[in-house]
>>> print(open('protein21.cif').read())   # mmCIF, C-alpha atoms and all ligand atoms
data_input
#
loop_
_atom_site.label_atom_id
_atom_site.label_comp_id
_atom_site.auth_asym_id
_atom_site.auth_seq_id
_atom_site.Cartn_x
_atom_site.Cartn_y
_atom_site.Cartn_z
CA MET A 1245 -32.07 145.49 110.80
CA ILE A 1246 -34.42 148.45 110.87
CA SER A 1247 -38.11 147.70 110.64
CA SER A 1248 -40.20 149.99 108.47
CA ASP A 1249 -41.99 152.45 110.67
CA HIS A 1250 -42.42 156.11 111.49
CA VAL A 1251 -39.67 158.51 112.50
CA ARG A 1252 -40.59 161.89 113.97
CA ILE A 1253 -38.36 164.76 112.97
CA VAL A 1254 -38.02 167.57 115.50
CA GLU A 1255 -37.19 170.55 113.31
CA VAL A 1256 -34.91 172.88 115.29
CA GLY A 1257 -33.87 175.27 112.50
CA ALA A 1258 -35.84 178.26 113.70
CA ARG A 1259 -34.26 177.95 117.15
CA ASP A 1260 -30.91 176.12 117.12
CA GLY A 1261 -30.47 177.15 113.48
CA LEU A 1262 -30.95 180.85 113.95
CA GLN A 1263 -29.46 181.32 117.43
CA ASN A 1264 -25.92 181.13 116.06
CA GLU A 1265 -26.29 182.89 112.70
CA LYS A 1266 -24.41 186.13 112.11
CA THR A 1267 -27.24 187.45 109.96
CA LEU A 1268 -30.03 188.68 112.20
CA LEU A 1269 -33.29 187.86 110.46
CA PRO A 1270 -36.31 190.07 111.03
CA ALA A 1271 -39.23 188.50 112.91
CA THR A 1272 -41.31 188.50 109.72
CA VAL A 1273 -38.79 186.21 107.99
CA LYS A 1274 -38.64 183.87 111.01
CA ILE A 1275 -42.43 183.70 110.98
CA GLU A 1276 -42.42 182.91 107.27
CA LEU A 1277 -39.80 180.19 107.89
CA ILE A 1278 -41.93 178.49 110.55
CA ASP A 1279 -45.11 178.83 108.47
CA ARG A 1280 -43.35 177.24 105.48
CA LEU A 1281 -42.05 174.44 107.71
CA SER A 1282 -45.60 173.88 108.99
CA ASP A 1283 -46.68 173.15 105.44
CA THR A 1284 -44.06 170.43 104.89
CA GLY A 1285 -45.78 167.87 107.10
CA LEU A 1286 -43.39 168.24 110.05
CA GLN A 1287 -45.14 167.43 113.33
CA THR A 1288 -42.77 169.21 115.71
CA ILE A 1289 -41.19 172.58 114.98
CA GLU A 1290 -39.12 174.23 117.68
CA ALA A 1291 -40.00 177.88 117.24
CA THR A 1292 -37.66 179.99 119.38
CA SER A 1293 -36.07 180.45 122.84
CA PHE A 1294 -37.19 182.52 125.78
CA VAL A 1295 -33.64 182.92 127.06
CA SER A 1296 -31.86 186.10 128.11
CA PRO A 1297 -31.70 188.51 125.13
CA GLN A 1298 -28.27 189.57 126.40
CA TRP A 1299 -27.05 186.01 125.98
CA VAL A 1300 -28.75 185.25 122.65
CA PRO A 1301 -29.66 188.50 120.85
CA GLN A 1302 -30.65 186.56 117.72
CA LEU A 1303 -33.80 185.34 119.50
CA ALA A 1304 -34.70 188.50 121.42
CA ASP A 1305 -37.92 188.69 119.36
CA ALA A 1306 -39.20 185.35 120.72
CA ALA A 1307 -42.61 186.66 121.80
CA GLU A 1308 -43.21 188.46 118.50
CA VAL A 1309 -42.22 185.39 116.50
CA PHE A 1310 -44.24 182.97 118.58
CA GLY A 1311 -47.28 185.26 118.48
CA GLY A 1312 -46.99 185.69 114.70
CA ILE A 1313 -46.77 182.10 113.51
CA ARG A 1314 -49.74 180.23 112.10
CA LYS A 1315 -50.28 177.30 114.47
CA LYS A 1316 -51.24 174.42 112.27
CA PRO A 1317 -53.53 171.90 114.00
CA GLY A 1318 -51.65 168.73 114.86
CA VAL A 1319 -48.25 170.45 114.86
CA SER A 1320 -46.49 171.30 118.13
CA TYR A 1321 -44.27 174.36 118.47
CA PRO A 1322 -42.02 173.90 121.53
CA VAL A 1323 -39.79 176.72 122.78
CA LEU A 1324 -36.67 176.68 124.95
CA VAL A 1325 -36.86 178.05 128.51
CA PRO A 1326 -33.81 178.16 130.80
CA ASN A 1327 -35.65 179.15 134.00
CA MET A 1328 -38.99 180.27 135.47
CA GLN A 1329 -38.66 183.72 133.90
CA GLY A 1330 -38.38 182.12 130.50
CA TYR A 1331 -41.30 179.81 131.24
CA GLN A 1332 -43.52 182.73 132.22
CA ARG A 1333 -42.56 184.67 129.07
CA ALA A 1334 -43.26 181.57 126.96
CA LEU A 1335 -46.63 180.98 128.55
CA ALA A 1336 -47.61 184.64 128.15
CA ALA A 1337 -46.79 184.30 124.44
CA GLY A 1338 -49.10 181.27 124.20
CA ALA A 1339 -46.63 178.35 124.24
CA THR A 1340 -48.05 174.95 125.13
CA ASP A 1341 -44.79 172.98 124.87
CA VAL A 1342 -41.41 173.96 126.29
CA ALA A 1343 -37.92 172.51 126.56
CA VAL A 1344 -35.42 172.84 129.38
CA PHE A 1345 -31.74 172.29 128.75
CA THR A 1346 -28.68 171.24 130.67
CA ALA A 1347 -25.55 169.23 129.90
CA ALA A 1348 -23.52 166.19 130.86
CA SER A 1349 -20.46 168.42 131.25
CA GLU A 1350 -20.10 170.94 134.09
CA ALA A 1351 -17.74 173.19 132.16
CA PHE A 1352 -20.09 173.60 129.21
CA ASN A 1353 -23.15 174.11 131.38
CA ARG A 1354 -21.43 176.89 133.28
CA ARG A 1355 -20.65 178.73 130.06
CA ASN A 1356 -24.05 178.11 128.46
CA ILE A 1357 -26.43 178.86 131.30
CA ASN A 1358 -24.14 180.10 134.08
CA ALA A 1359 -25.01 177.22 136.40
CA SER A 1360 -23.72 173.85 137.50
CA ILE A 1361 -25.66 170.81 136.32
CA ASP A 1362 -27.30 170.41 139.75
CA GLU A 1363 -28.15 174.11 139.98
CA SER A 1364 -29.76 174.02 136.54
CA ILE A 1365 -31.83 171.00 137.49
CA GLU A 1366 -32.93 172.77 140.68
CA ARG A 1367 -34.10 175.68 138.49
CA PHE A 1368 -36.12 173.31 136.35
CA ALA A 1369 -38.00 171.74 139.29
CA PRO A 1370 -40.47 174.64 139.72
CA VAL A 1371 -40.79 174.95 135.93
CA LEU A 1372 -41.77 171.29 135.66
CA GLU A 1373 -44.18 171.63 138.57
CA ARG A 1374 -45.90 174.65 136.99
CA ALA A 1375 -45.91 173.00 133.58
CA ARG A 1376 -47.64 169.95 134.99
CA ALA A 1377 -50.32 172.15 136.55
CA ASP A 1378 -50.68 174.15 133.31
CA GLY A 1379 -50.84 171.04 131.10
CA VAL A 1380 -47.67 172.11 129.28
CA GLY A 1381 -45.38 169.40 127.90
CA VAL A 1382 -41.68 169.62 128.78
CA ARG A 1383 -38.83 168.19 126.74
CA GLY A 1384 -35.39 167.94 128.34
CA TYR A 1385 -32.10 168.42 126.49
CA VAL A 1386 -28.81 166.91 127.60
CA SER A 1387 -25.91 168.60 125.78
CA THR A 1388 -22.31 167.45 125.24
CA VAL A 1389 -23.27 163.77 125.32
CA LEU A 1390 -20.31 162.74 123.13
CA GLY A 1391 -17.75 165.38 124.03
CA CYS A 1392 -17.32 168.84 125.47
CA PRO A 1393 -15.39 171.76 123.97
CA TYR A 1394 -13.96 172.63 127.40
CA GLN A 1395 -13.73 169.34 129.28
CA GLY A 1396 -13.00 166.95 126.39
CA ASP A 1397 -14.33 163.44 126.94
CA VAL A 1398 -17.64 163.04 128.73
CA ALA A 1399 -18.37 159.88 130.70
CA ILE A 1400 -21.41 157.93 129.51
CA SER A 1401 -22.39 157.55 133.17
CA ASP A 1402 -22.76 161.34 133.40
CA VAL A 1403 -25.06 161.36 130.37
CA VAL A 1404 -27.15 158.55 131.87
CA ARG A 1405 -27.37 160.30 135.25
CA VAL A 1406 -28.60 163.61 133.80
CA ALA A 1407 -30.99 162.00 131.31
CA ARG A 1408 -32.50 159.79 134.03
CA ARG A 1409 -32.93 162.76 136.35
CA LEU A 1410 -34.72 164.86 133.71
CA HIS A 1411 -36.99 161.95 132.87
CA GLN A 1412 -37.78 161.26 136.54
CA MET A 1413 -38.62 164.94 137.01
CA GLY A 1414 -41.30 164.70 134.34
CA CYS A 1415 -39.69 165.53 130.98
CA HIS A 1416 -41.68 163.45 128.49
CA GLU A 1417 -38.80 163.32 126.02
CA ILE A 1418 -35.05 163.56 126.45
CA SER A 1419 -32.97 164.80 123.54
CA LEU A 1420 -29.36 163.67 123.61
CA GLY A 1421 -27.20 166.36 122.03
CA ASP A 1422 -23.80 166.01 120.41
CA THR A 1423 -23.41 169.76 120.72
CA ILE A 1424 -20.06 170.02 118.94
CA GLY A 1425 -20.51 167.14 116.53
CA VAL A 1426 -17.49 165.11 117.61
CA GLY A 1427 -19.19 161.75 118.06
CA THR A 1428 -18.70 158.68 115.90
CA PRO A 1429 -21.20 155.84 115.32
CA ALA A 1430 -19.96 153.23 117.79
CA LYS A 1431 -19.75 155.84 120.55
CA ALA A 1432 -23.18 157.23 119.69
CA ARG A 1433 -24.65 153.72 119.79
CA ALA A 1434 -23.00 152.88 123.13
CA MET A 1435 -24.17 156.14 124.67
CA LEU A 1436 -27.77 155.66 123.47
CA ARG A 1437 -27.81 152.03 124.60
CA ALA A 1438 -26.65 153.03 128.08
CA VAL A 1439 -29.26 155.79 128.39
CA ALA A 1440 -31.98 153.47 127.07
CA GLY A 1441 -31.15 151.13 129.96
CA GLU A 1442 -32.60 153.79 132.29
CA VAL A 1443 -35.04 155.82 130.15
CA PRO A 1444 -37.45 154.09 127.72
CA MET A 1445 -36.24 154.33 124.11
CA ALA A 1446 -39.66 155.74 123.14
CA ALA A 1447 -38.85 158.78 125.31
CA LEU A 1448 -35.45 159.43 123.69
CA ALA A 1449 -34.38 161.62 120.78
CA VAL A 1450 -30.98 162.22 119.21
CA HIS A 1451 -29.58 165.64 118.27
CA PHE A 1452 -26.44 165.69 116.16
CA HIS A 1453 -24.42 168.65 115.01
CA ASP A 1454 -22.41 167.87 111.90
CA THR A 1455 -19.10 169.55 112.68
CA TYR A 1456 -17.02 166.48 111.81
CA GLY A 1457 -19.38 165.16 109.12
CA GLN A 1458 -20.48 162.22 111.29
CA ALA A 1459 -24.11 163.12 111.88
CA LEU A 1460 -25.86 160.86 109.35
CA ALA A 1461 -23.65 157.92 110.29
CA ASN A 1462 -24.42 158.53 113.95
CA ILE A 1463 -28.14 158.76 113.23
CA LEU A 1464 -28.05 155.46 111.36
CA ALA A 1465 -26.35 153.77 114.31
CA CYS A 1466 -28.97 155.20 116.66
CA LEU A 1467 -31.84 154.13 114.37
CA GLU A 1468 -30.44 150.62 114.44
CA GLU A 1469 -30.43 150.88 118.22
CA GLY A 1470 -34.16 151.76 118.09
CA VAL A 1471 -34.48 155.54 118.39
CA ARG A 1472 -37.36 157.02 116.39
CA VAL A 1473 -37.12 160.75 117.14
CA ILE A 1474 -34.45 162.79 115.38
CA ASP A 1475 -33.64 166.49 115.76
CA SER A 1476 -32.39 168.34 112.69
CA ALA A 1477 -32.35 171.82 111.19
CA VAL A 1478 -33.48 172.80 107.71
CA SER A 1479 -30.53 173.88 105.57
CA GLY A 1480 -28.12 172.59 108.26
CA THR A 1481 -28.01 175.88 110.11
CA GLY A 1482 -27.12 176.31 113.70
CA GLY A 1483 -24.90 175.66 116.64
CA CYS A 1484 -24.67 176.78 120.20
CA PRO A 1485 -23.02 180.21 120.63
CA TYR A 1486 -21.50 178.99 123.92
CA ALA A 1487 -19.93 175.82 122.44
CA LYS A 1488 -16.60 176.74 120.92
CA GLY A 1489 -16.21 175.24 117.45
CA ALA A 1490 -19.79 174.02 117.11
CA THR A 1491 -21.25 174.21 113.61
CA GLY A 1492 -24.63 173.46 112.17
CA ASN A 1493 -27.10 170.76 112.98
CA VAL A 1494 -27.48 167.90 110.57
CA ALA A 1495 -29.69 169.18 107.72
CA SER A 1496 -33.32 168.05 107.90
CA GLU A 1497 -33.40 167.56 104.12
CA ASP A 1498 -30.49 165.08 104.34
CA VAL A 1499 -32.07 163.17 107.23
CA VAL A 1500 -35.45 162.92 105.50
CA TYR A 1501 -33.78 161.82 102.25
CA MET A 1502 -31.89 159.07 104.09
CA LEU A 1503 -34.94 157.90 106.04
CA HIS A 1504 -37.18 157.75 102.97
CA GLY A 1505 -34.44 155.93 101.09
CA MET A 1506 -34.42 153.33 103.86
CA GLY A 1507 -38.20 152.87 103.65
CA LEU A 1508 -38.88 154.71 106.89
CA GLU A 1509 -41.66 157.27 106.79
CA THR A 1510 -41.68 160.77 108.23
CA GLY A 1511 -44.82 162.39 106.83
CA VAL A 1512 -42.57 165.15 105.48
CA ASP A 1513 -42.76 166.35 101.87
CA LEU A 1514 -39.07 166.38 100.89
CA ASP A 1515 -39.60 168.74 97.94
CA LEU A 1516 -41.29 171.35 100.11
CA LEU A 1517 -38.53 170.99 102.69
CA ILE A 1518 -35.85 171.48 100.04
CA ASN A 1519 -37.62 174.62 98.77
CA THR A 1520 -37.78 175.97 102.30
CA GLY A 1521 -34.10 175.21 102.92
CA ALA A 1522 -33.05 176.89 99.68
CA TRP A 1523 -35.19 179.91 100.51
CA LEU A 1524 -33.68 180.13 104.03
CA ALA A 1525 -30.15 180.01 102.62
CA THR A 1526 -30.89 183.03 100.43
CA GLN A 1527 -32.32 184.88 103.43
CA LEU A 1528 -29.09 184.15 105.33
CA HIS A 1529 -26.92 185.06 102.30
CA LYS A 1530 -25.05 181.77 102.50
CA GLU A 1531 -24.85 178.47 100.72
CA THR A 1532 -27.08 175.76 102.15
CA ALA A 1533 -25.28 173.12 104.21
CA SER A 1534 -27.73 170.46 102.98
CA ARG A 1535 -26.11 168.15 100.46
CA VAL A 1536 -29.54 167.08 99.23
CA THR A 1537 -30.65 170.65 98.60
CA ARG A 1538 -27.35 171.38 96.83
CA ALA A 1539 -27.77 168.33 94.63
CA ARG A 1540 -31.39 169.09 93.80
CA THR A 1541 -30.90 172.79 93.15
CA ALA A 1542 -27.79 172.15 91.02
CA ALA A 1543 -29.75 169.62 88.99
CA ALA A 1544 -32.73 171.98 88.55
P1 LIG B 1 -27.58 184.84 134.24
O1 LIG B 1 -26.91 186.09 133.77
O2 LIG B 1 -26.89 183.98 135.23
O3 LIG B 1 -29.08 185.16 134.76
O4 LIG B 1 -27.95 184.00 132.97
P2 LIG B 1 -29.68 185.89 135.98
O5 LIG B 1 -30.79 185.04 136.50
O6 LIG B 1 -28.61 186.35 136.92
O7 LIG B 1 -30.30 187.18 135.27
C1 LIG B 1 -29.50 188.17 134.63
C2 LIG B 1 -30.39 189.04 133.76
O8 LIG B 1 -31.00 188.26 132.74
C3 LIG B 1 -31.53 189.69 134.54
O9 LIG B 1 -31.80 190.95 133.93
C4 LIG B 1 -32.69 188.76 134.26
O10 LIG B 1 -33.94 189.43 134.36
C5 LIG B 1 -32.41 188.36 132.83
P3 LIG B 1 -31.27 192.34 134.54
O11 LIG B 1 -31.81 192.37 135.93
O12 LIG B 1 -29.76 192.23 134.50
O13 LIG B 1 -31.82 193.34 133.60
N1 LIG B 1 -32.98 187.04 132.50
C6 LIG B 1 -33.86 186.81 131.48
N2 LIG B 1 -34.37 187.65 130.56
C7 LIG B 1 -35.23 187.09 129.68
N3 LIG B 1 -35.57 185.78 129.67
C8 LIG B 1 -35.06 184.93 130.58
C9 LIG B 1 -34.16 185.45 131.54
N4 LIG B 1 -33.50 184.89 132.57
C10 LIG B 1 -32.78 185.86 133.15
N5 LIG B 1 -35.41 183.65 130.56
C11 LIG B 1 -29.43 182.50 131.81
C12 LIG B 1 -28.63 182.76 133.07
C13 LIG B 1 -29.90 181.07 131.89
C14 LIG B 1 -30.62 183.43 131.77
C15 LIG B 1 -28.51 182.76 130.58
O14 LIG B 1 -27.32 182.07 130.76
C16 LIG B 1 -29.14 182.32 129.27
O15 LIG B 1 -30.15 182.87 128.84
N6 LIG B 1 -28.52 181.33 128.61
C17 LIG B 1 -29.05 180.80 127.37
C18 LIG B 1 -27.94 180.31 126.50
C19 LIG B 1 -28.56 179.66 125.28
O16 LIG B 1 -29.67 179.97 124.86
N7 LIG B 1 -27.80 178.74 124.67
C20 LIG B 1 -28.25 178.06 123.49
C21 LIG B 1 -29.33 177.06 123.77
S1 LIG B 1 -28.73 175.50 124.33
C22 LIG B 1 -28.24 174.67 122.87
O17 LIG B 1 -28.19 175.27 121.82
C23 LIG B 1 -27.94 173.20 122.92
C24 LIG B 1 -29.05 172.37 122.31
O18 LIG B 1 -29.27 172.70 120.94
C25 LIG B 1 -28.68 170.87 122.39
C26 LIG B 1 -27.28 170.58 121.90
O19 LIG B 1 -26.94 170.92 120.75
O20 LIG B 1 -26.54 169.95 122.67
C27 LIG B 1 -30.38 172.55 123.06
MG MG B 2 -28.05 171.99 119.31
#
>>> encode(input="protein21.cif", output="structure tokens", more="lines below")
Ligand code: HMG
Ligand code: MG
Amino acid sequence: MISSDHVRIVEVGARDGLQNEKTLLPATVKIELIDRLSDTGLQTIEATSFVSPQWVPQLADAAEVFGGIRKKPGVSYPVLVPNMQGYQRALAAGATDVAVFTAASEAFNRRNINASIDESIERFAPVLERARADGVGVRGYVSTVLGCPYQGDVAISDVVRVARRLHQMGCHEISLGDTIGVGTPAKARAMLRAVAGEVPMAALAVHFHDTYGQALANILACLEEGVRVIDSAVSGTGGCPYAKGATGNVASEDVVYMLHGMGLETGVDLDLLINTGAWLATQLHKETASRVTRARTAAA
């Protein structure tokens, strides 16, 4: 049974959503997206990534976007940083929350950030140290928690090891990412349960891509297990450019619809979110991947 309480949505559309889109949106449109999202009641909106512009050209305008958004009081706007260079760029742009990212699979990590898991964690150590001194919050992502496009199966013990390490190093929240959306509910539940044996559930988040259409089912299993932080992307955009076959994140509209239908509260205005998702789809010249937005706009 799920008790009625609050679920925090971490909206990743402006980052995970846009990093893998063929259409390059101008900074002004990205800024409008984030400003619209700020008005929906979302508490956490990942804004962009300070990664190498050679690796992710879609987010080369990170500083311009971050500098241009209206920072709504009470909303946090974390940004991804892969190393100290990214951290310094993020701080110069005014970021007060960052996220570091690694994986449970060596093969994926090598392709995504050109480092082994241990090397990437070594890179994060000075970032975490500086962040602590600067009063900057650090989230940690673990990718490929339910499968890797290069290695195949990923051992739960590897997920636990990496998540525990990031938490011990000072990441206040660990997001467990099914990067290529291959997981199924029983596996998602078992993985989360194992990680929660080492990292408090209150410090865990789940991050599902919907490649195989399993994301909502996986989220439900994880809610039943006790997680209360869910990553999702408005309009179901996204995917990692270095994860072969990865498609969009689960759509925020669909997650919020499900949560509200279950009596869980998010503080998010679903109608405003649907409007924003529909608007984003037109900007990207594609149909929304949100089933809720499709249903509502077809009915309108
Ligand atoms: P590298 O080539 O090994 O880096 O890339 P390097 O340290 O050798 O530097 C090479 C060049 O990049 C140098 O420039 C650096 O200055 C520059 P040059 O001297 O050649 O002119 N550089 C940078 N420039 C700007 N910002 C920086 C930066 N760092 C180096 N921060 C690196 C290593 C990590 C930089 C690269 O692999 C990279 O940026 N990777 C990012 C890939 C990425 O963003 N992937 C998507 C995000 S992860 C994800 O989507 C998964 C997630 O959603 C969860 C899930 O779904 O599972 C989070
Ligand atoms: Mg992702």
>>> residues_around(input="protein21.cif", residues="A:Ser1364", least_positions_apart="3", cutoff="10 Å", atoms="only C-alpha atoms", output="mmCIF file with C-alpha atoms, in the frame of the given file")
data_model
loop_
_atom_site.group_PDB
_atom_site.id
_atom_site.type_symbol
_atom_site.label_atom_id
_atom_site.label_comp_id
_atom_site.auth_asym_id
_atom_site.auth_seq_id
_atom_site.Cartn_x
_atom_site.Cartn_y
_atom_site.Cartn_z
ATOM 1 C CA PRO A 1326 -33.810 178.160 130.800
ATOM 2 C CA ASN A 1327 -35.650 179.150 134.000
ATOM 3 C CA VAL A 1344 -35.420 172.840 129.380
ATOM 4 C CA PHE A 1345 -31.740 172.290 128.750
ATOM 5 C CA THR A 1346 -28.680 171.240 130.670
ATOM 6 C CA ALA A 1347 -25.550 169.230 129.900
ATOM 7 C CA ASN A 1353 -23.150 174.110 131.380
ATOM 8 C CA ARG A 1354 -21.430 176.890 133.280
ATOM 9 C CA ILE A 1357 -26.430 178.860 131.300
ATOM 10 C CA ASN A 1358 -24.140 180.100 134.080
ATOM 11 C CA ALA A 1359 -25.010 177.220 136.400
ATOM 12 C CA SER A 1360 -23.720 173.850 137.500
ATOM 13 C CA ILE A 1361 -25.660 170.810 136.320
ATOM 14 C CA ARG A 1367 -34.100 175.680 138.490
ATOM 15 C CA PHE A 1368 -36.120 173.310 136.350
ATOM 16 C CA ALA A 1369 -38.000 171.740 139.290
#
>>> residues_near_point(input="protein21.cif", point="(-39.8, 171.9, 123.3)", cutoff="6 Å", atoms="all atoms listed in the file", output="VMD selection string")
chain A and resid 1322 to 1324 1341 to 1343 1383
>>> closest_residue(input="protein21.cif", among="A:Trp1299, A:Arg1259, A:Asp1283, A:Val1404", to="A:Gly1318", atoms="only C-alpha atoms")
A:Asp1283
>>> residues_around(input="protein21.cif", residues="A:Tyr1456", least_positions_apart="3", cutoff="12 Å", atoms="only C-alpha atoms", output="ChimeraX atom specification")
/A:1422-1429,1452-1453,1459-1462,1489-1494
>>> atom_distance(input="protein21.cif", atom1="atom CA of A:Gly1482", atom2="atom CA of A:Arg1409")
27.0 Å
>>> residues_near_ligand(input="protein21.cif", ligand="ligand MG 2 (chain B)", cutoff="6 Å", atoms="all atoms listed in the file", output="PDB file with C-alpha atoms, keeping the file's coordinate frame")
ATOM      1  CA  ASP A1260     -30.910 176.120 117.120  1.00  0.00           C
ATOM      2  CA  THR A1423     -23.410 169.760 120.720  1.00  0.00           C
ATOM      3  CA  GLY A1483     -24.900 175.660 116.640  1.00  0.00           C
ATOM      4  CA  CYS A1484     -24.670 176.780 120.200  1.00  0.00           C
TER       5      CYS A1484
END
>>> residues_near_point(input="protein21.cif", point="(-30.7, 166.5, 115.9)", cutoff="6 Å", atoms="only C-alpha atoms", output="short mmCIF file (atom, residue, chain, number, x, y, z; two decimals) with C-alpha atoms, in the coordinates of the input")
data_model
loop_
_atom_site.label_atom_id
_atom_site.label_comp_id
_atom_site.auth_asym_id
_atom_site.auth_seq_id
_atom_site.Cartn_x
_atom_site.Cartn_y
_atom_site.Cartn_z
CA VAL A 1450 -30.98 162.22 119.21
CA HIS A 1451 -29.58 165.64 118.27
CA PHE A 1452 -26.44 165.69 116.16
CA ILE A 1474 -34.45 162.79 115.38
CA ASP A 1475 -33.64 166.49 115.76
CA SER A 1476 -32.39 168.34 112.69
#
>>> build_atoms(input="protein21.cif", residues="stretch 1316-1336 of chain A", atoms="N, CA and C atoms", output="PDB file, keeping the file's coordinate frame")
ATOM      1  N   LYS A1316     -50.496 175.415 113.053  1.00  0.00           N
ATOM      2  CA  LYS A1316     -51.240 174.420 112.270  1.00  0.00           C
ATOM      3  C   LYS A1316     -51.749 173.325 113.205  1.00  0.00           C
ATOM      4  N   PRO A1317     -53.029 172.971 113.126  1.00  0.00           N
ATOM      5  CA  PRO A1317     -53.530 171.900 114.000  1.00  0.00           C
ATOM      6  C   PRO A1317     -52.712 170.624 113.815  1.00  0.00           C
ATOM      7  N   GLY A1318     -52.406 169.983 114.923  1.00  0.00           N
ATOM      8  CA  GLY A1318     -51.650 168.730 114.860  1.00  0.00           C
ATOM      9  C   GLY A1318     -50.142 168.920 114.900  1.00  0.00           C
ATOM     10  N   VAL A1319     -49.692 170.174 114.799  1.00  0.00           N
ATOM     11  CA  VAL A1319     -48.250 170.450 114.860  1.00  0.00           C
ATOM     12  C   VAL A1319     -47.950 171.068 116.222  1.00  0.00           C
ATOM     13  N   SER A1320     -46.850 170.640 116.868  1.00  0.00           N
ATOM     14  CA  SER A1320     -46.490 171.300 118.130  1.00  0.00           C
ATOM     15  C   SER A1320     -45.288 172.212 117.885  1.00  0.00           C
ATOM     16  N   TYR A1321     -45.270 173.298 118.648  1.00  0.00           N
ATOM     17  CA  TYR A1321     -44.270 174.360 118.470  1.00  0.00           C
ATOM     18  C   TYR A1321     -43.566 174.615 119.812  1.00  0.00           C
ATOM     19  N   PRO A1322     -42.693 173.690 120.246  1.00  0.00           N
ATOM     20  CA  PRO A1322     -42.020 173.900 121.530  1.00  0.00           C
ATOM     21  C   PRO A1322     -41.035 175.064 121.489  1.00  0.00           C
ATOM     22  N   VAL A1323     -40.762 175.619 122.648  1.00  0.00           N
ATOM     23  CA  VAL A1323     -39.790 176.720 122.780  1.00  0.00           C
ATOM     24  C   VAL A1323     -38.853 176.420 123.943  1.00  0.00           C
ATOM     25  N   LEU A1324     -37.622 176.919 123.871  1.00  0.00           N
ATOM     26  CA  LEU A1324     -36.670 176.680 124.950  1.00  0.00           C
ATOM     27  C   LEU A1324     -36.899 177.671 126.100  1.00  0.00           C
ATOM     28  N   VAL A1325     -36.810 177.171 127.328  1.00  0.00           N
ATOM     29  CA  VAL A1325     -36.860 178.050 128.510  1.00  0.00           C
ATOM     30  C   VAL A1325     -35.746 177.621 129.459  1.00  0.00           C
ATOM     31  N   PRO A1326     -34.915 178.549 129.926  1.00  0.00           N
ATOM     32  CA  PRO A1326     -33.810 178.160 130.800  1.00  0.00           C
ATOM     33  C   PRO A1326     -34.174 178.234 132.288  1.00  0.00           C
ATOM     34  N   ASN A1327     -35.299 178.891 132.593  1.00  0.00           N
ATOM     35  CA  ASN A1327     -35.650 179.150 134.000  1.00  0.00           C
ATOM     36  C   ASN A1327     -37.121 179.583 134.060  1.00  0.00           C
ATOM     37  N   MET A1328     -37.591 179.901 135.280  1.00  0.00           N
ATOM     38  CA  MET A1328     -38.990 180.270 135.470  1.00  0.00           C
ATOM     39  C   MET A1328     -39.346 181.545 134.707  1.00  0.00           C
ATOM     40  N   GLN A1329     -38.392 182.467 134.648  1.00  0.00           N
ATOM     41  CA  GLN A1329     -38.660 183.720 133.900  1.00  0.00           C
ATOM     42  C   GLN A1329     -38.949 183.404 132.428  1.00  0.00           C
ATOM     43  N   GLY A1330     -38.163 182.517 131.881  1.00  0.00           N
ATOM     44  CA  GLY A1330     -38.380 182.120 130.500  1.00  0.00           C
ATOM     45  C   GLY A1330     -39.710 181.392 130.332  1.00  0.00           C
ATOM     46  N   TYR A1331     -40.034 180.545 131.308  1.00  0.00           N
ATOM     47  CA  TYR A1331     -41.300 179.810 131.240  1.00  0.00           C
ATOM     48  C   TYR A1331     -42.482 180.777 131.250  1.00  0.00           C
ATOM     49  N   GLN A1332     -42.395 181.782 132.134  1.00  0.00           N
ATOM     50  CA  GLN A1332     -43.520 182.730 132.220  1.00  0.00           C
ATOM     51  C   GLN A1332     -43.648 183.541 130.929  1.00  0.00           C
ATOM     52  N   ARG A1333     -42.516 183.936 130.352  1.00  0.00           N
ATOM     53  CA  ARG A1333     -42.560 184.670 129.070  1.00  0.00           C
ATOM     54  C   ARG A1333     -43.166 183.767 127.979  1.00  0.00           C
ATOM     55  N   ALA A1334     -42.757 182.501 127.991  1.00  0.00           N
ATOM     56  CA  ALA A1334     -43.260 181.570 126.960  1.00  0.00           C
ATOM     57  C   ALA A1334     -44.767 181.367 127.094  1.00  0.00           C
ATOM     58  N   LEU A1335     -45.202 181.199 128.338  1.00  0.00           N
ATOM     59  CA  LEU A1335     -46.630 180.980 128.550  1.00  0.00           C
ATOM     60  C   LEU A1335     -47.447 182.207 128.157  1.00  0.00           C
ATOM     61  N   ALA A1336     -46.912 183.385 128.505  1.00  0.00           N
ATOM     62  CA  ALA A1336     -47.610 184.640 128.150  1.00  0.00           C
ATOM     63  C   ALA A1336     -47.731 184.769 126.632  1.00  0.00           C
TER      64      ALA A1336
END
